[in-house]
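Shown below: query02.txt, with compact mmCIF, C-alpha atoms and all ligand atoms.
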```txt
# COMPACT_ATOMS: atom_id res chain seq x y z
CA MET A 73 28.50 117.94 -93.53
CA THR A 74 26.89 121.29 -94.35
CA GLU A 75 25.52 123.52 -91.66
CA ASP A 76 21.93 122.70 -92.82
CA THR A 77 22.55 118.92 -92.65
CA GLN A 78 24.04 119.24 -89.15
CA ARG A 79 20.96 121.19 -87.96
CA ASP A 80 18.65 118.47 -89.44
CA VAL A 81 20.57 115.67 -87.69
CA SER A 82 20.58 117.36 -84.29
CA ARG A 83 16.83 118.15 -84.66
CA ARG A 84 16.14 114.48 -85.48
CA ASN A 85 18.16 113.40 -82.44
CA PHE A 86 16.26 115.86 -80.25
CA ILE A 87 12.87 114.50 -81.42
CA LYS A 88 14.03 110.90 -80.95
CA GLY A 89 15.13 111.78 -77.42
CA VAL A 90 11.75 113.32 -76.58
CA ILE A 91 9.85 110.32 -77.92
CA ALA A 92 12.10 107.88 -76.02
CA THR A 93 11.68 109.83 -72.76
CA GLY A 94 7.89 110.01 -73.24
CA ALA A 95 7.72 106.27 -73.87
CA ALA A 96 9.77 105.58 -70.76
CA VAL A 97 7.60 107.84 -68.58
CA SER A 98 4.41 106.40 -70.01
CA SER A 99 5.51 102.78 -69.48
CA ALA A 100 6.67 103.65 -65.95
CA ALA A 101 3.20 105.03 -65.20
CA TYR A 102 1.70 101.84 -66.58
CA VAL A 103 3.93 99.73 -64.34
CA PHE A 104 3.16 101.86 -61.29
CA ARG A 105 -0.60 101.66 -61.96
CA GLY A 106 -0.42 97.89 -61.88
CA SER A 107 1.98 97.76 -58.95
CA SER A 108 0.93 96.83 -55.46
CA LEU A 109 4.08 98.53 -54.13
CA LEU A 110 2.31 101.86 -54.14
CA GLY A 111 -0.87 100.34 -52.73
CA GLN A 112 -2.84 101.43 -55.79
CA GLN A 113 -4.10 98.29 -57.44
CA PRO A 114 -6.80 99.00 -60.04
CA SER A 115 -9.53 97.34 -58.02
CA MET A 116 -8.77 97.39 -54.32
CA PRO A 117 -11.06 95.17 -52.25
CA GLY A 118 -13.74 97.41 -50.76
CA SER A 119 -13.10 100.28 -53.19
CA VAL A 120 -16.22 102.05 -54.47
CA GLU A 121 -16.75 103.83 -57.75
CA ARG A 122 -17.77 107.40 -56.92
CA LEU A 123 -19.66 108.36 -60.07
CA LEU A 124 -22.94 106.51 -60.12
CA THR A 125 -26.41 106.62 -61.65
CA LEU A 126 -29.41 106.92 -59.38
CA ASN A 127 -33.01 106.59 -60.47
CA VAL A 128 -34.76 109.47 -58.70
CA ASN A 129 -38.36 110.43 -59.42
CA GLY A 130 -38.31 108.46 -62.66
CA GLN A 131 -35.12 110.05 -63.98
CA ASP A 132 -31.60 108.63 -64.16
CA ARG A 133 -29.26 111.12 -62.48
CA ARG A 134 -25.46 110.90 -62.63
CA VAL A 135 -23.91 111.98 -59.37
CA ASP A 136 -20.52 111.93 -57.64
CA VAL A 137 -21.02 110.24 -54.27
CA MET A 138 -18.56 109.72 -51.43
CA LYS A 139 -18.31 106.24 -49.95
CA GLN A 140 -19.84 107.28 -46.60
CA GLU A 141 -22.50 109.65 -48.03
CA THR A 142 -26.12 109.25 -46.97
CA LEU A 143 -29.02 109.38 -49.40
CA ALA A 144 -30.40 112.48 -47.64
CA MET A 145 -27.14 114.35 -48.30
CA THR A 146 -27.06 113.27 -51.94
CA LEU A 147 -30.70 114.23 -52.53
CA ARG A 148 -30.48 117.61 -50.83
CA TYR A 149 -26.97 118.82 -51.58
CA LYS A 150 -26.01 117.08 -54.83
CA LEU A 151 -29.37 116.82 -56.60
CA GLY A 152 -31.06 119.91 -55.14
CA LEU A 153 -34.11 117.98 -53.89
CA THR A 154 -34.54 119.95 -50.67
CA GLY A 155 -38.12 118.78 -50.09
CA THR A 156 -36.50 115.92 -48.17
CA LYS A 157 -35.84 117.41 -44.72
CA LEU A 158 -33.12 116.65 -42.22
CA GLY A 159 -34.31 116.79 -38.63
CA CYS A 160 -32.33 114.52 -36.31
CA ASP A 161 -30.01 112.95 -38.93
CA ARG A 162 -29.99 109.74 -36.87
CA SER A 163 -33.15 107.67 -37.56
CA GLU A 164 -35.40 109.20 -34.94
CA CYS A 165 -37.77 111.73 -36.50
CA GLY A 166 -38.69 110.54 -40.01
CA ALA A 167 -38.39 114.00 -41.59
CA CYS A 168 -36.07 112.55 -44.24
CA THR A 169 -38.40 109.72 -45.33
CA VAL A 170 -38.36 108.82 -49.02
CA LEU A 171 -39.55 105.75 -50.90
CA VAL A 172 -36.98 103.20 -52.04
CA ASP A 173 -38.66 100.63 -54.28
CA ASP A 174 -41.99 101.77 -52.74
CA VAL A 175 -40.83 101.20 -49.15
CA PRO A 176 -40.51 104.21 -46.81
CA ARG A 177 -36.89 104.60 -45.64
CA TYR A 178 -35.07 107.15 -43.51
CA SER A 179 -32.75 108.64 -46.10
CA CYS A 180 -30.45 110.03 -43.37
CA SER A 181 -29.55 106.45 -42.49
CA VAL A 182 -29.26 104.89 -45.93
CA LEU A 183 -25.93 104.94 -47.75
CA THR A 184 -26.40 106.25 -51.26
CA HIS A 185 -24.20 103.51 -52.71
CA SER A 186 -26.62 100.91 -51.33
CA VAL A 187 -29.57 102.13 -53.43
CA ARG A 188 -27.99 101.86 -56.86
CA GLY A 189 -30.46 100.21 -59.23
CA LYS A 190 -33.45 100.96 -56.99
CA LYS A 191 -36.28 103.41 -57.62
CA ILE A 192 -36.15 106.40 -55.31
CA VAL A 193 -39.14 108.72 -54.95
CA THR A 194 -39.04 111.99 -53.03
CA ILE A 195 -41.80 114.48 -52.28
CA GLU A 196 -40.88 116.30 -55.52
CA GLY A 197 -41.76 113.20 -57.54
CA LEU A 198 -45.22 112.46 -56.14
CA ALA A 199 -47.41 114.76 -58.24
CA SER A 200 -48.21 113.79 -61.84
CA ALA A 201 -46.36 115.38 -64.73
CA ASP A 202 -49.39 117.62 -65.39
CA GLY A 203 -49.24 118.97 -61.82
CA THR A 204 -52.11 116.90 -60.40
CA LEU A 205 -51.34 116.30 -56.75
CA HIS A 206 -50.96 112.79 -55.40
CA PRO A 207 -54.00 111.85 -53.23
CA VAL A 208 -51.88 112.06 -50.06
CA GLN A 209 -50.76 115.57 -50.99
CA GLN A 210 -54.36 116.47 -51.81
CA GLY A 211 -55.50 115.09 -48.44
CA VAL A 212 -53.02 117.42 -46.70
CA VAL A 213 -54.18 120.42 -48.72
CA SER A 214 -57.88 119.67 -48.11
CA GLU A 215 -57.51 119.10 -44.36
CA GLN A 216 -54.76 121.71 -43.73
CA GLY A 217 -53.08 118.98 -41.71
CA PHE A 218 -49.86 120.65 -40.50
CA GLN A 219 -48.69 123.71 -38.57
CA CYS A 220 -45.11 124.64 -39.53
CA ALA A 221 -45.03 121.68 -41.99
CA PHE A 222 -41.34 120.91 -41.54
CA CYS A 223 -42.26 117.28 -40.88
CA MET A 224 -44.83 117.19 -43.68
CA PRO A 225 -42.76 115.72 -46.59
CA GLY A 226 -41.65 112.86 -44.36
CA PHE A 227 -45.21 112.14 -43.22
CA VAL A 228 -46.50 112.30 -46.79
CA MET A 229 -43.88 109.83 -48.01
CA ALA A 230 -44.43 107.51 -45.04
CA ALA A 231 -48.21 107.55 -45.55
CA THR A 232 -47.84 107.01 -49.30
CA GLY A 233 -45.72 103.93 -48.68
CA PHE A 234 -48.03 102.64 -45.95
CA LEU A 235 -51.21 103.10 -48.03
CA LYS A 236 -49.68 101.04 -50.83
CA THR A 237 -49.63 98.07 -48.45
CA ASN A 238 -52.89 98.87 -46.64
CA PRO A 239 -55.21 101.01 -48.79
CA ASN A 240 -58.15 100.84 -46.37
CA PRO A 241 -56.73 101.28 -42.87
CA THR A 242 -58.55 102.08 -39.66
CA ARG A 243 -57.41 105.26 -37.93
CA ALA A 244 -55.46 103.17 -35.41
CA GLU A 245 -53.75 101.16 -38.16
CA LEU A 246 -52.80 104.31 -40.00
CA ALA A 247 -51.47 105.89 -36.79
CA HIS A 248 -49.36 102.79 -36.24
CA GLY A 249 -48.24 102.74 -39.87
CA ILE A 250 -46.80 106.26 -39.71
CA SER A 251 -45.64 106.11 -36.10
CA GLY A 252 -42.01 106.28 -37.21
CA ASN A 253 -42.52 109.97 -37.94
CA LEU A 254 -42.52 112.72 -35.34
CA CYS A 255 -44.08 116.18 -35.42
CA ARG A 256 -42.51 118.81 -33.18
CA CYS A 257 -45.71 120.85 -33.37
CA ALA A 258 -47.51 117.74 -32.09
CA ASP A 259 -50.27 118.20 -34.62
CA TYR A 260 -51.00 114.48 -34.77
CA ASN A 261 -54.78 114.64 -34.75
CA LYS A 262 -54.91 116.91 -37.78
CA ILE A 263 -52.20 114.89 -39.51
CA LEU A 264 -54.28 111.73 -39.06
CA ASN A 265 -57.39 113.51 -40.37
CA ALA A 266 -55.42 114.47 -43.49
CA MET A 267 -54.03 110.98 -44.01
CA MET A 268 -57.42 109.29 -43.48
CA HIS A 269 -58.88 111.65 -46.07
CA ALA A 270 -55.92 110.78 -48.32
CA SER A 271 -56.69 107.06 -48.03
CA GLU A 272 -60.26 107.77 -49.16
CA LEU A 273 -58.99 109.76 -52.13
CA MET A 274 -56.60 106.97 -53.04
CA ARG A 275 -59.36 104.39 -53.05
CA ARG A 276 -61.48 106.63 -55.29
CA SER A 277 -58.66 107.31 -57.77
S1 LIG B 301 -33.55 113.14 -40.24
FE1 LIG B 301 -33.70 111.07 -40.74
S2 LIG B 301 -34.89 110.21 -39.18
FE2 LIG B 301 -34.59 112.26 -38.55
S1 LIG B 302 -46.16 120.59 -38.25
FE1 LIG B 302 -44.40 121.46 -37.33
S2 LIG B 302 -43.08 119.78 -37.04
FE2 LIG B 302 -44.89 118.91 -37.74
```

In structure tokens, how does this file's structure come out?
Ligand code: FES
Ligand code: FES
Amino acid sequence: MTEDTQRDVSRRNFIKGVIATGAAVSSAAYVFRGSSLLGQQPSMPGSVERLLTLNVNGQDRRVDVMKQETLAMTLRYKLGLTGTKLGCDRSECGACTVLVDDVPRYSCSVLTHSVRGKKIVTIEGLASADGTLHPVQQGVVSEQGFQCAFCMPGFVMAATGFLKTNPNPTRAELAHGISGNLCRCADYNKILNAMMHASELMRRS
């Protein structure tokens, strides 16, 4: 055997060895993936896919969501929709209210994974594409209904949802309808003026 032939043979052996090792490693990985010994079955009961699509303000948004993540956290810190406020973070103040399939919900107490396939609307999605304010937003602007306005997005979303079910409320009905929202500035009278005006604007539009 010449020196060149010997080099060719040992090179061929080397390549064969690499391919054989790669095949062994790859099949081992395959076996381990399917094995319950490591506790990593492909679909564990209760496992949740983290990358999901949410319909927010008419747009499909892909987002990586932890199993225990609330909708408020996803909206504010993953999707940058900071109009949704976090006050108490435990279903008491209503600052985080958004619409889920037209129903006002406290987003601090809704798991993001539970609203897959539903339509979510935040304060950023209320105005028309041409910038025309929603009647409830316009009512707030016209009546100057808030002081610091931290609670305002939550009130606007709650009133928007309520007025869809009762477009011609009395003041008492409206007050009851948005009673799940609190205002630390206690500006309730002005807030109700703004929302009553908003209901008028909605009926006219
Ligand atoms: S922040 Fe959600 S109810 Fe207060
Ligand atoms: S206007 Fe300040 S919390 Fe409502």

Looking at A:Glu196, A:Val135, A:Cys255, A:Val128, which one is nearest to ligand LIG 301 (chain B), with distances taken over only C-alpha atoms and all ligand atoms?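 Looking at the shortest contact to ligand LIG 301 (chain B), the residue is A:Cys255.
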
Using all atoms listed in the file, find each protein or nucleic acid residue lying at most 7 Å from ligand LIG 302 (chain B); present the set as an MDAnalysis selection string. chainID A and resid 218:224 255:259

Restricting it to C-alpha atoms, dump the selection as a short mmCIF file (atom, residue, chain, number, x, y, z; two decimals), in the frame of the given file.
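Output file result.cif is given in full below:
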```cif
data_model
loop_
_atom_site.label_atom_id
_atom_site.label_comp_id
_atom_site.auth_asym_id
_atom_site.auth_seq_id
_atom_site.Cartn_x
_atom_site.Cartn_y
_atom_site.Cartn_z
CA PHE A 218 -49.86 120.65 -40.50
CA GLN A 219 -48.69 123.71 -38.57
CA CYS A 220 -45.11 124.64 -39.53
CA ALA A 221 -45.03 121.68 -41.99
CA PHE A 222 -41.34 120.91 -41.54
CA CYS A 223 -42.26 117.28 -40.88
CA MET A 224 -44.83 117.19 -43.68
CA CYS A 255 -44.08 116.18 -35.42
CA ARG A 256 -42.51 118.81 -33.18
CA CYS A 257 -45.71 120.85 -33.37
CA ALA A 258 -47.51 117.74 -32.09
CA ASP A 259 -50.27 118.20 -34.62
#
```

Coordinates-based distance that separates CA of Gly152 in chain A from CA of Leu264 in chain A (Å, one decimal): 29.4 Å

Find the residues near ligand LIG 301 (chain B). Use a cut-off of 12 Å, count all atoms listed in the file, and write them as a ChimeraX atom specification. /A:142-145,148,156-170,176-182,222-223,225-227,230,251-256

What's the 7 Å shell around range 266-271 of chain A, counting only C-alpha atoms, without same-chain residues fewer than 5 positions away, as a PyMOL selection string? chain A and resi 207-208+210-212+215+217+231+235+239-240+243

Which is closest to Ile192 in chain A among A:Asn265, A:Thr146, A:Asn127, A:Ser119, if we use only C-alpha atoms?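 Closest to Ile192 in chain A of all the choices is A:Asn127.
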
Non-local contacts of Lys191 in chain A (9 Å; only C-alpha atoms; under 3 positions in same chain excluded) as a ChimeraX atom specification: /A:126-130,171-174,187-188

The selected residues should be written to file as a short mmCIF file (atom, residue, chain, number, x, y, z; two decimals), in the coordinates of the input (atoms: C-alpha atoms).
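Below is the file result_28.cif, written as the result:
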```
data_model
loop_
_atom_site.label_atom_id
_atom_site.label_comp_id
_atom_site.auth_asym_id
_atom_site.auth_seq_id
_atom_site.Cartn_x
_atom_site.Cartn_y
_atom_site.Cartn_z
CA LEU A 126 -29.41 106.92 -59.38
CA ASN A 127 -33.01 106.59 -60.47
CA VAL A 128 -34.76 109.47 -58.70
CA ASN A 129 -38.36 110.43 -59.42
CA GLY A 130 -38.31 108.46 -62.66
CA LEU A 171 -39.55 105.75 -50.90
CA VAL A 172 -36.98 103.20 -52.04
CA ASP A 173 -38.66 100.63 -54.28
CA ASP A 174 -41.99 101.77 -52.74
CA VAL A 187 -29.57 102.13 -53.43
CA ARG A 188 -27.99 101.86 -56.86
#
```

For CA of Thr184 in chain A and CA of Val137 in chain A, the interatomic separation in Å (one decimal):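 Going from CA of Thr184 in chain A over to CA of Val137 in chain A, I get 7.3 Å.
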
Any idea what the distance is between CA of Gln216 in chain A and CA of Ala247 in chain A? 17.6 Å

Proximity to Met138 in chain A - best of A:Leu151, A:Val228, A:Leu183, A:Val175, all atoms listed in the file: A:Leu183

Please return the centre and edge lengths, in Å to one decimal, of a box with edges along x, y and z that contains all listed atoms of range 173-188 of chain A, widened by 3 Å on every side, as lines of an AutoDock Vina configuration file.
```
center_x = -33.1
center_y = 105.3
center_z = -49.7
size_x = 23.8
size_y = 15.4
size_z = 20.4
```

Counting only C-alpha atoms, which of A:Ser214, A:Asn261, A:Gln131, A:Thr154 gets nearest to Leu273 in chain A?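 So, comparing all the options, the nearest one is A:Ser214.
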
Using all atoms listed in the file, list the residues that have an atom at most 6 Å from (-52.1, 100.1, -39.7), coordinates as in the file, as a list in words. Pro241, Glu245, Leu246, His248 and Gly249 of chain A

When distances are computed from only C-alpha atoms, which of A:Val213, A:Met274, A:Val120, A:Leu153 shows the smallest separation from Gly197 in chain A? A:Leu153
